[in-house]
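With PDB, C-alpha atoms inside, this is work.pdb:
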```
ATOM      1  CA  MET T   1     219.650 110.017 229.427  1.00  0.00           C
ATOM      2  CA  PRO T   2     223.403 109.660 229.991  1.00  0.00           C
ATOM      3  CA  ILE T   3     223.084 110.617 233.676  1.00  0.00           C
ATOM      4  CA  VAL T   4     222.373 107.517 235.748  1.00  0.00           C
ATOM      5  CA  VAL T   5     221.018 107.742 239.284  1.00  0.00           C
ATOM      6  CA  ASN T   6     222.614 105.125 241.510  1.00  0.00           C
ATOM      7  CA  VAL T   7     220.452 105.598 244.578  1.00  0.00           C
ATOM      8  CA  ASP T   8     219.469 101.917 244.421  1.00  0.00           C
ATOM      9  CA  VAL T   9     223.118 100.830 244.596  1.00  0.00           C
ATOM     10  CA  MET T  10     223.781 103.125 247.549  1.00  0.00           C
ATOM     11  CA  LEU T  11     220.620 101.926 249.294  1.00  0.00           C
ATOM     12  CA  ALA T  12     221.775  98.320 248.899  1.00  0.00           C
ATOM     13  CA  LYS T  13     225.257  99.182 250.217  1.00  0.00           C
ATOM     14  CA  ARG T  14     223.765 100.913 253.266  1.00  0.00           C
ATOM     15  CA  LYS T  15     221.109  98.180 253.658  1.00  0.00           C
ATOM     16  CA  MET T  16     218.385 100.787 253.734  1.00  0.00           C
ATOM     17  CA  GLN T  17     214.905 100.553 252.261  1.00  0.00           C
ATOM     18  CA  SER T  18     213.531 103.047 249.727  1.00  0.00           C
ATOM     19  CA  LYS T  19     210.584 103.776 251.997  1.00  0.00           C
ATOM     20  CA  GLU T  20     212.869 104.806 254.848  1.00  0.00           C
ATOM     21  CA  LEU T  21     214.960 107.025 252.572  1.00  0.00           C
ATOM     22  CA  ALA T  22     211.826 108.697 251.193  1.00  0.00           C
ATOM     23  CA  GLU T  23     210.583 109.343 254.724  1.00  0.00           C
ATOM     24  CA  ARG T  24     213.911 110.797 255.835  1.00  0.00           C
ATOM     25  CA  LEU T  25     214.164 112.942 252.680  1.00  0.00           C
ATOM     26  CA  GLY T  26     210.625 114.184 253.165  1.00  0.00           C
ATOM     27  CA  ILE T  27     209.531 113.157 249.669  1.00  0.00           C
ATOM     28  CA  THR T  28     206.916 110.661 248.574  1.00  0.00           C
ATOM     29  CA  PRO T  29     207.960 107.087 247.659  1.00  0.00           C
ATOM     30  CA  ALA T  30     206.502 107.824 244.197  1.00  0.00           C
ATOM     31  CA  ASN T  31     208.914 110.746 243.739  1.00  0.00           C
ATOM     32  CA  LEU T  32     211.828 108.651 244.964  1.00  0.00           C
ATOM     33  CA  SER T  33     210.820 106.003 242.445  1.00  0.00           C
ATOM     34  CA  ILE T  34     210.826 108.664 239.678  1.00  0.00           C
ATOM     35  CA  LEU T  35     214.347 109.592 240.741  1.00  0.00           C
ATOM     36  CA  LYS T  36     215.556 105.966 240.911  1.00  0.00           C
ATOM     37  CA  THR T  37     214.107 104.987 237.540  1.00  0.00           C
ATOM     38  CA  GLY T  38     215.731 107.947 235.795  1.00  0.00           C
ATOM     39  CA  LYS T  39     212.421 109.566 234.869  1.00  0.00           C
ATOM     40  CA  ALA T  40     213.265 112.736 236.800  1.00  0.00           C
ATOM     41  CA  LYS T  41     214.216 115.802 234.753  1.00  0.00           C
ATOM     42  CA  GLY T  42     216.442 117.121 237.487  1.00  0.00           C
ATOM     43  CA  ILE T  43     217.506 116.915 241.105  1.00  0.00           C
ATOM     44  CA  ARG T  44     217.602 119.840 243.506  1.00  0.00           C
ATOM     45  CA  PHE T  45     220.850 120.531 245.352  1.00  0.00           C
ATOM     46  CA  ASP T  46     219.080 120.292 248.708  1.00  0.00           C
ATOM     47  CA  THR T  47     217.678 116.843 247.777  1.00  0.00           C
ATOM     48  CA  LEU T  48     221.136 115.720 246.671  1.00  0.00           C
ATOM     49  CA  GLU T  49     222.643 117.132 249.869  1.00  0.00           C
ATOM     50  CA  ALA T  50     220.076 115.247 251.977  1.00  0.00           C
ATOM     51  CA  ILE T  51     220.666 111.990 250.062  1.00  0.00           C
ATOM     52  CA  CYS T  52     224.453 112.327 250.562  1.00  0.00           C
ATOM     53  CA  ASN T  53     223.936 113.113 254.235  1.00  0.00           C
ATOM     54  CA  ILE T  54     221.566 110.187 254.876  1.00  0.00           C
ATOM     55  CA  LEU T  55     223.511 107.645 252.801  1.00  0.00           C
ATOM     56  CA  ASN T  56     226.864 109.039 253.931  1.00  0.00           C
ATOM     57  CA  CYS T  57     228.225 109.313 250.417  1.00  0.00           C
ATOM     58  CA  GLN T  58     229.387 111.810 247.784  1.00  0.00           C
ATOM     59  CA  PRO T  59     227.275 113.192 244.909  1.00  0.00           C
ATOM     60  CA  GLY T  60     229.442 111.166 242.543  1.00  0.00           C
ATOM     61  CA  ASP T  61     228.285 107.981 244.278  1.00  0.00           C
ATOM     62  CA  VAL T  62     224.672 108.839 243.519  1.00  0.00           C
ATOM     63  CA  LEU T  63     225.035 110.336 240.030  1.00  0.00           C
ATOM     64  CA  GLU T  64     227.051 108.824 237.220  1.00  0.00           C
ATOM     65  CA  TYR T  65     227.689 109.877 233.624  1.00  0.00           C
ATOM     66  CA  VAL T  66     227.433 106.981 231.171  1.00  0.00           C
ATOM     67  CA  GLU T  67     228.081 107.729 227.498  1.00  0.00           C
ATOM     68  CA  GLU T  68     225.217 106.584 225.254  1.00  0.00           C
TER
ATOM     69  CA  MET P   1     196.602 135.738 244.104  1.00  0.00           C
ATOM     70  CA  LYS P   2     194.174 135.980 247.033  1.00  0.00           C
ATOM     71  CA  LEU P   3     192.381 138.884 245.342  1.00  0.00           C
ATOM     72  CA  VAL P   4     192.137 136.945 242.078  1.00  0.00           C
ATOM     73  CA  ARG P   5     190.627 133.986 243.898  1.00  0.00           C
ATOM     74  CA  LEU P   6     188.177 136.194 245.765  1.00  0.00           C
ATOM     75  CA  ILE P   7     187.023 137.942 242.579  1.00  0.00           C
ATOM     76  CA  SER P   8     186.804 134.573 240.810  1.00  0.00           C
ATOM     77  CA  ILE P   9     184.606 133.123 243.555  1.00  0.00           C
ATOM     78  CA  VAL P  10     182.204 136.090 243.386  1.00  0.00           C
ATOM     79  CA  ALA P  11     182.219 136.105 239.570  1.00  0.00           C
ATOM     80  CA  PHE P  12     181.708 132.327 239.497  1.00  0.00           C
ATOM     81  CA  TYR P  13     178.530 132.467 241.589  1.00  0.00           C
ATOM     82  CA  LEU P  14     177.207 135.544 239.748  1.00  0.00           C
ATOM     83  CA  THR P  15     177.692 133.977 236.321  1.00  0.00           C
ATOM     84  CA  ARG P  16     176.275 130.633 237.477  1.00  0.00           C
ATOM     85  CA  ILE P  17     173.134 132.393 238.753  1.00  0.00           C
ATOM     86  CA  LEU P  18     172.867 134.396 235.513  1.00  0.00           C
ATOM     87  CA  SER P  19     173.325 131.240 233.482  1.00  0.00           C
ATOM     88  CA  ALA P  20     170.640 129.387 235.450  1.00  0.00           C
ATOM     89  CA  GLY P  21     168.307 132.386 235.003  1.00  0.00           C
ATOM     90  CA  TYR P  22     168.806 132.452 231.233  1.00  0.00           C
ATOM     91  CA  ILE P  23     168.432 128.679 230.839  1.00  0.00           C
ATOM     92  CA  LEU P  24     165.293 128.587 232.997  1.00  0.00           C
ATOM     93  CA  THR P  25     163.873 131.547 231.050  1.00  0.00           C
ATOM     94  CA  ALA P  26     164.510 129.788 227.726  1.00  0.00           C
ATOM     95  CA  LEU P  27     162.886 126.610 229.071  1.00  0.00           C
ATOM     96  CA  HIS P  28     159.927 128.551 230.466  1.00  0.00           C
ATOM     97  CA  LEU P  29     159.438 130.330 227.136  1.00  0.00           C
ATOM     98  CA  LEU P  30     159.647 127.126 225.154  1.00  0.00           C
ATOM     99  CA  VAL P  31     157.376 125.101 227.440  1.00  0.00           C
ATOM    100  CA  SER P  32     154.798 127.925 227.665  1.00  0.00           C
ATOM    101  CA  VAL P  33     154.589 128.265 223.881  1.00  0.00           C
ATOM    102  CA  VAL P  34     154.764 124.580 222.947  1.00  0.00           C
ATOM    103  CA  PHE P  35     152.190 123.444 225.519  1.00  0.00           C
ATOM    104  CA  ASN P  36     150.158 126.677 225.297  1.00  0.00           C
ATOM    105  CA  LEU P  37     150.202 127.071 229.065  1.00  0.00           C
ATOM    106  CA  SER P  38     148.294 129.735 230.976  1.00  0.00           C
ATOM    107  CA  THR P  39     151.531 131.730 231.175  1.00  0.00           C
ATOM    108  CA  PHE P  40     151.364 132.246 227.409  1.00  0.00           C
ATOM    109  CA  LYS P  41     149.147 135.165 226.287  1.00  0.00           C
ATOM    110  CA  LEU P  42     148.414 136.109 222.711  1.00  0.00           C
ATOM    111  CA  LEU P  43     148.072 139.899 222.414  1.00  0.00           C
ATOM    112  CA  GLU P  44     146.839 142.265 219.702  1.00  0.00           C
ATOM    113  CA  ASN P  45     148.625 142.668 216.338  1.00  0.00           C
ATOM    114  CA  GLY P  46     150.224 139.214 216.547  1.00  0.00           C
ATOM    115  CA  ARG P  47     152.185 140.119 219.651  1.00  0.00           C
ATOM    116  CA  PHE P  48     152.503 137.746 222.572  1.00  0.00           C
ATOM    117  CA  ALA P  49     153.565 137.716 226.191  1.00  0.00           C
ATOM    118  CA  ILE P  50     154.977 135.142 228.559  1.00  0.00           C
ATOM    119  CA  CYS P  51     154.007 135.655 232.190  1.00  0.00           C
ATOM    120  CA  TYR P  52     155.979 134.815 235.314  1.00  0.00           C
ATOM    121  CA  PRO P  53     155.201 131.226 236.386  1.00  0.00           C
ATOM    122  CA  PHE P  54     151.863 130.864 238.220  1.00  0.00           C
ATOM    123  CA  THR P  55     151.054 134.567 237.726  1.00  0.00           C
ATOM    124  CA  SER P  56     149.508 136.771 235.050  1.00  0.00           C
ATOM    125  CA  LYS P  57     152.256 139.383 235.306  1.00  0.00           C
ATOM    126  CA  TYR P  58     154.109 139.862 232.010  1.00  0.00           C
ATOM    127  CA  PHE P  59     157.699 138.623 231.964  1.00  0.00           C
ATOM    128  CA  LEU P  60     158.665 138.419 228.280  1.00  0.00           C
ATOM    129  CA  LEU P  61     157.078 140.309 225.407  1.00  0.00           C
ATOM    130  CA  GLY P  62     157.300 139.177 221.802  1.00  0.00           C
ATOM    131  CA  SER P  63     156.405 141.354 218.818  1.00  0.00           C
ATOM    132  CA  SER P  64     155.514 138.549 216.417  1.00  0.00           C
ATOM    133  CA  TYR P  65     153.914 135.191 217.172  1.00  0.00           C
ATOM    134  CA  THR P  66     155.757 133.187 214.521  1.00  0.00           C
ATOM    135  CA  VAL P  67     157.935 130.086 214.720  1.00  0.00           C
ATOM    136  CA  ALA P  68     160.974 132.041 213.458  1.00  0.00           C
ATOM    137  CA  TYR P  69     160.554 134.762 216.046  1.00  0.00           C
ATOM    138  CA  ILE P  70     160.098 132.320 218.943  1.00  0.00           C
ATOM    139  CA  ALA P  71     163.037 130.236 217.717  1.00  0.00           C
ATOM    140  CA  GLU P  72     165.231 133.360 217.584  1.00  0.00           C
ATOM    141  CA  MET P  73     164.126 134.443 221.054  1.00  0.00           C
ATOM    142  CA  THR P  74     164.695 130.983 222.558  1.00  0.00           C
ATOM    143  CA  LEU P  75     168.042 130.481 220.829  1.00  0.00           C
ATOM    144  CA  LEU P  76     169.329 133.872 221.901  1.00  0.00           C
ATOM    145  CA  ILE P  77     168.327 133.378 225.544  1.00  0.00           C
ATOM    146  CA  ALA P  78     169.621 129.783 225.577  1.00  0.00           C
ATOM    147  CA  PHE P  79     172.893 130.916 223.965  1.00  0.00           C
ATOM    148  CA  TYR P  80     173.483 133.430 226.740  1.00  0.00           C
ATOM    149  CA  GLY P  81     172.615 130.720 229.288  1.00  0.00           C
ATOM    150  CA  ALA P  82     175.355 128.549 227.782  1.00  0.00           C
ATOM    151  CA  PHE P  83     177.714 131.531 227.466  1.00  0.00           C
ATOM    152  CA  PHE P  84     177.434 132.421 231.150  1.00  0.00           C
ATOM    153  CA  TRP P  85     177.765 128.744 232.118  1.00  0.00           C
ATOM    154  CA  LEU P  86     181.038 128.483 230.183  1.00  0.00           C
ATOM    155  CA  LEU P  87     182.199 131.814 231.615  1.00  0.00           C
ATOM    156  CA  SER P  88     181.494 130.533 235.135  1.00  0.00           C
ATOM    157  CA  ASN P  89     183.660 127.486 234.353  1.00  0.00           C
ATOM    158  CA  VAL P  90     186.484 129.848 233.378  1.00  0.00           C
ATOM    159  CA  PHE P  91     186.108 131.668 236.699  1.00  0.00           C
ATOM    160  CA  LYS P  92     186.059 128.278 238.440  1.00  0.00           C
ATOM    161  CA  THR P  93     189.497 127.604 236.947  1.00  0.00           C
ATOM    162  CA  PHE P  94     190.879 130.739 238.625  1.00  0.00           C
ATOM    163  CA  ARG P  95     189.386 129.640 241.957  1.00  0.00           C
ATOM    164  CA  GLN P  96     191.634 126.586 242.169  1.00  0.00           C
ATOM    165  CA  LYS P  97     194.823 126.577 244.204  1.00  0.00           C
ATOM    166  CA  LYS P  98     196.610 124.852 241.349  1.00  0.00           C
ATOM    167  CA  LEU P  99     196.047 127.235 238.446  1.00  0.00           C
ATOM    168  CA  PHE P 100     197.564 125.409 235.480  1.00  0.00           C
ATOM    169  CA  THR P 101     195.466 122.285 234.925  1.00  0.00           C
ATOM    170  CA  THR P 102     194.251 120.431 231.848  1.00  0.00           C
ATOM    171  CA  GLN P 103     190.685 121.003 233.079  1.00  0.00           C
ATOM    172  CA  GLY P 104     191.375 124.755 233.010  1.00  0.00           C
ATOM    173  CA  ILE P 105     192.603 124.530 229.427  1.00  0.00           C
ATOM    174  CA  HIS P 106     189.490 122.516 228.530  1.00  0.00           C
ATOM    175  CA  ASN P 107     187.223 125.207 230.067  1.00  0.00           C
ATOM    176  CA  LEU P 108     189.033 127.985 228.222  1.00  0.00           C
ATOM    177  CA  LYS P 109     188.924 126.014 224.970  1.00  0.00           C
ATOM    178  CA  LEU P 110     185.154 125.581 225.204  1.00  0.00           C
ATOM    179  CA  PHE P 111     184.796 129.293 225.957  1.00  0.00           C
ATOM    180  CA  TYR P 112     186.877 130.497 223.013  1.00  0.00           C
ATOM    181  CA  ILE P 113     185.291 128.022 220.591  1.00  0.00           C
ATOM    182  CA  THR P 114     181.854 129.305 221.639  1.00  0.00           C
ATOM    183  CA  ASN P 115     182.912 132.927 221.174  1.00  0.00           C
ATOM    184  CA  LEU P 116     184.942 132.532 218.011  1.00  0.00           C
ATOM    185  CA  ILE P 117     182.941 129.918 216.095  1.00  0.00           C
ATOM    186  CA  ILE P 118     179.492 129.153 217.524  1.00  0.00           C
ATOM    187  CA  CYS P 119     178.578 132.770 218.300  1.00  0.00           C
ATOM    188  CA  PRO P 120     179.276 134.278 214.834  1.00  0.00           C
ATOM    189  CA  VAL P 121     177.578 131.346 213.071  1.00  0.00           C
ATOM    190  CA  LEU P 122     174.501 131.614 215.309  1.00  0.00           C
ATOM    191  CA  PHE P 123     174.340 135.395 214.976  1.00  0.00           C
ATOM    192  CA  ILE P 124     174.708 135.283 211.177  1.00  0.00           C
ATOM    193  CA  ILE P 125     171.850 132.761 210.951  1.00  0.00           C
ATOM    194  CA  LEU P 126     169.698 134.795 213.355  1.00  0.00           C
ATOM    195  CA  SER P 127     170.408 138.092 211.571  1.00  0.00           C
ATOM    196  CA  LEU P 128     169.169 136.586 208.276  1.00  0.00           C
ATOM    197  CA  TYR P 129     165.724 135.831 209.699  1.00  0.00           C
ATOM    198  CA  SER P 130     165.500 138.396 212.498  1.00  0.00           C
ATOM    199  CA  LYS P 131     162.603 140.845 212.615  1.00  0.00           C
ATOM    200  CA  GLU P 132     164.161 142.719 215.525  1.00  0.00           C
ATOM    201  CA  ASP P 133     167.073 145.080 214.888  1.00  0.00           C
ATOM    202  CA  TYR P 134     169.535 143.495 217.311  1.00  0.00           C
ATOM    203  CA  PRO P 135     173.142 144.674 216.733  1.00  0.00           C
ATOM    204  CA  TYR P 136     174.315 141.165 215.812  1.00  0.00           C
ATOM    205  CA  MET P 137     177.454 142.457 214.072  1.00  0.00           C
ATOM    206  CA  VAL P 138     178.605 144.426 217.137  1.00  0.00           C
ATOM    207  CA  MET P 139     177.705 141.518 219.422  1.00  0.00           C
ATOM    208  CA  SER P 140     179.738 139.121 217.240  1.00  0.00           C
ATOM    209  CA  ILE P 141     182.764 141.445 217.351  1.00  0.00           C
ATOM    210  CA  ALA P 142     182.517 141.773 221.159  1.00  0.00           C
ATOM    211  CA  HIS P 143     182.331 137.976 221.512  1.00  0.00           C
ATOM    212  CA  ALA P 144     185.235 137.525 219.073  1.00  0.00           C
ATOM    213  CA  ILE P 145     187.411 139.870 221.165  1.00  0.00           C
ATOM    214  CA  MET P 146     186.554 137.851 224.292  1.00  0.00           C
ATOM    215  CA  GLY P 147     187.287 134.644 222.360  1.00  0.00           C
ATOM    216  CA  ILE P 148     190.702 135.904 221.248  1.00  0.00           C
ATOM    217  CA  PHE P 149     191.626 136.798 224.834  1.00  0.00           C
ATOM    218  CA  ALA P 150     190.467 133.356 226.002  1.00  0.00           C
ATOM    219  CA  LEU P 151     192.518 131.765 223.213  1.00  0.00           C
ATOM    220  CA  PHE P 152     195.639 133.609 224.382  1.00  0.00           C
ATOM    221  CA  ILE P 153     194.984 132.707 228.034  1.00  0.00           C
ATOM    222  CA  ALA P 154     194.535 129.062 226.979  1.00  0.00           C
ATOM    223  CA  ALA P 155     197.941 129.211 225.233  1.00  0.00           C
ATOM    224  CA  ILE P 156     199.499 130.586 228.450  1.00  0.00           C
ATOM    225  CA  PHE P 157     197.798 127.796 230.438  1.00  0.00           C
ATOM    226  CA  GLN P 158     199.125 125.204 227.976  1.00  0.00           C
ATOM    227  CA  GLN P 159     202.648 126.507 228.518  1.00  0.00           C
ATOM    228  CA  GLY P 160     202.013 126.616 232.278  1.00  0.00           C
ATOM    229  CA  VAL P 161     200.882 122.978 232.387  1.00  0.00           C
ATOM    230  CA  SER P 162     203.952 121.760 230.507  1.00  0.00           C
ATOM    231  CA  LEU P 163     206.276 123.838 232.719  1.00  0.00           C
ATOM    232  CA  GLN P 164     204.485 122.510 235.803  1.00  0.00           C
ATOM    233  CA  ASN P 165     204.838 118.932 234.574  1.00  0.00           C
ATOM    234  CA  ASP P 166     208.560 119.526 234.078  1.00  0.00           C
ATOM    235  CA  GLN P 167     208.760 121.102 237.525  1.00  0.00           C
ATOM    236  CA  ASP P 168     207.010 118.053 239.035  1.00  0.00           C
ATOM    237  CA  LEU P 169     209.790 115.899 237.606  1.00  0.00           C
ATOM    238  CA  ILE P 170     212.486 117.856 239.426  1.00  0.00           C
ATOM    239  CA  ILE P 171     212.901 116.032 242.724  1.00  0.00           C
TER
END
```

Would you encode the structure as structure tokens?
Amino acid sequence: MPIVVNVDVMLAKRKMQSKELAERLGITPANLSILKTGKAKGIRFDTLEAICNILNCQPGDVLEYVEE
Amino acid sequence: MKLVRLISIVAFYLTRILSAGYILTALHLLVSVVFNLSTFKLLENGRFAICYPFTSKYFLLGSSYTVAYIAEMTLLIAFYGAFFWLLSNVFKTFRQKKLFTTQGIHNLKLFYITNLIICPVLFIILSLYSKEDYPYMVMSIAHAIMGIFALFIAAIFQQGVSLQNDQDLII
């Protein structure tokens, strides 16, 4: 999929653990893992909004288009 | 959805009880005849009767004491035992909170296979040797209609499961 999820990069920049992000987003670590590994079919706007809010970033920091 | 679940719960228990009744009846008939128990009574003109367990009150009456007749009787009762069991499994599917499951599809598949394949084959075989004038043709058509509906519901469930899987991957 040409859309890459850079949550891992943002987590590293903010020195935050996946578990903490999952807890604050109110999703399971398994679902966060699906999102991070690019297995997710989509992301809800409210999830994206919460990620941006928690990680203090823009949607473009989390999602990236990479041509295949 | 609450009403559907409520009806499904009632229908599930009713069909399970019916199924158990049919299966126990088939077993009782078979055991009584095979082991010539006191519940088995041979009557005049080749007729026979099966009594309620531990009583001499007639429960089932047969018009011909032959292997073919007893086999037909047992198979027919056992078939309806299995039919109601599979039907109860279909109702069980509608009891669940999560409706679209692979188990639900499996239950529906067994139900439509029984109605569309097993039932006509069994009824054709039975009608060839039957001494009773059961409306096997009409019964087969009724079961086929049920089978077709179950087949369509199974297709809807299949679509539902794949949509649900997709939905589960939207975080």

ask   = Taking only C-alpha atoms into account, which residues of chain T are within 8 Å of chain P, as a list in words?
value =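 Residues satisfying the distance criterion: Asn31, Leu32, Ile34, Leu35, Lys39, Ala40, Lys41, Gly42, Ile43, Arg44 and Thr47 of chain T.
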
task = Write out as an NGL selection string each polymer residue whose atoms come within 12 Å of Asn56 in chain T, counting all atoms listed in the file; drop sequence neighbours fewer than 3 positions from it.
result = :T and (7 or 10-11 or 13-14 or 16 or 48-53 or 59-62)

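Taking CA of Tyr136 in chain P and CA of Ile105 in chain P as endpoints, the distance between them is 28.2 Å.
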
key: Atomic separation - CA of Ile50 in chain P relative to CA of Ile70 in chain P, Å   = 11.3 Å

task = To verify the selection step, state as a ChimeraX atom specification which residues the PyMOL selection byres ((chain P and resi 102) around 12) yields on this input.
result = /P:93,98-101,103-109,154-162,164-165

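Separating CA of Ala78 in chain P from CA of Lys131 in chain P is a distance of 18.4 Å.
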
ask   = Evaluating the PyMOL selection byres ((chain P and resi 21) around 12) on the displayed file yields which residues, as a list in words?
value = Leu14, Thr15, Arg16, Ile17, Leu18, Ser19, Ala20, Tyr22, Ile23, Leu24, Thr25, Ala26, Leu27, His28, Ile77, Ala78, Tyr80, Gly81, Ala82, Phe84 and Trp85 of chain P

message = Could you list, as a PyMOL selection string, every residue matched by the PyMOL selection byres ((chain P and resi 11) around 10) in this structure?
response = chain P and resi 5-10+12-17+87-88+90-92+95

Let's have the selection written as an mmCIF file, in the frame of the given file, with C-alpha atoms.
```
data_model
loop_
_atom_site.group_PDB
_atom_site.id
_atom_site.type_symbol
_atom_site.label_atom_id
_atom_site.label_comp_id
_atom_site.auth_asym_id
_atom_site.auth_seq_id
_atom_site.Cartn_x
_atom_site.Cartn_y
_atom_site.Cartn_z
ATOM 1 C CA ARG P 5 190.627 133.986 243.898
ATOM 2 C CA LEU P 6 188.177 136.194 245.765
ATOM 3 C CA ILE P 7 187.023 137.942 242.579
ATOM 4 C CA SER P 8 186.804 134.573 240.810
ATOM 5 C CA ILE P 9 184.606 133.123 243.555
ATOM 6 C CA VAL P 10 182.204 136.090 243.386
ATOM 7 C CA PHE P 12 181.708 132.327 239.497
ATOM 8 C CA TYR P 13 178.530 132.467 241.589
ATOM 9 C CA LEU P 14 177.207 135.544 239.748
ATOM 10 C CA THR P 15 177.692 133.977 236.321
ATOM 11 C CA ARG P 16 176.275 130.633 237.477
ATOM 12 C CA ILE P 17 173.134 132.393 238.753
ATOM 13 C CA LEU P 87 182.199 131.814 231.615
ATOM 14 C CA SER P 88 181.494 130.533 235.135
ATOM 15 C CA VAL P 90 186.484 129.848 233.378
ATOM 16 C CA PHE P 91 186.108 131.668 236.699
ATOM 17 C CA LYS P 92 186.059 128.278 238.440
ATOM 18 C CA ARG P 95 189.386 129.640 241.957
#
```

Calculate, to one decimal in Å, the centre and edge lengths of the box along x, y and z of the file that holds all listed atoms of range 92-111 of chain P with 8 Å of margin on each side, and present them as JSON.
```
{"center_x": 191.2, "center_y": 125.6, "center_z": 234.6, "size_x": 28.8, "size_y": 26.3, "size_z": 35.2}
```

key: Answer as JSON, numbers by chain, residues within 12 Å of (151.1, 138.3, 222.3) using only C-alpha atoms   = {"P": [33, 39, 40, 41, 42, 43, 44, 45, 46, 47, 48, 49, 50, 51, 58, 59, 60, 61, 62, 63, 64, 65, 66, 69, 70]}

key: Nearest residue to Phe123 in chain P from the set P:Phe152, P:Leu86, P:Leu163, P:Met73 (distances using only C-alpha atoms)   =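 So, comparing all the options, the nearest one is P:Met73.
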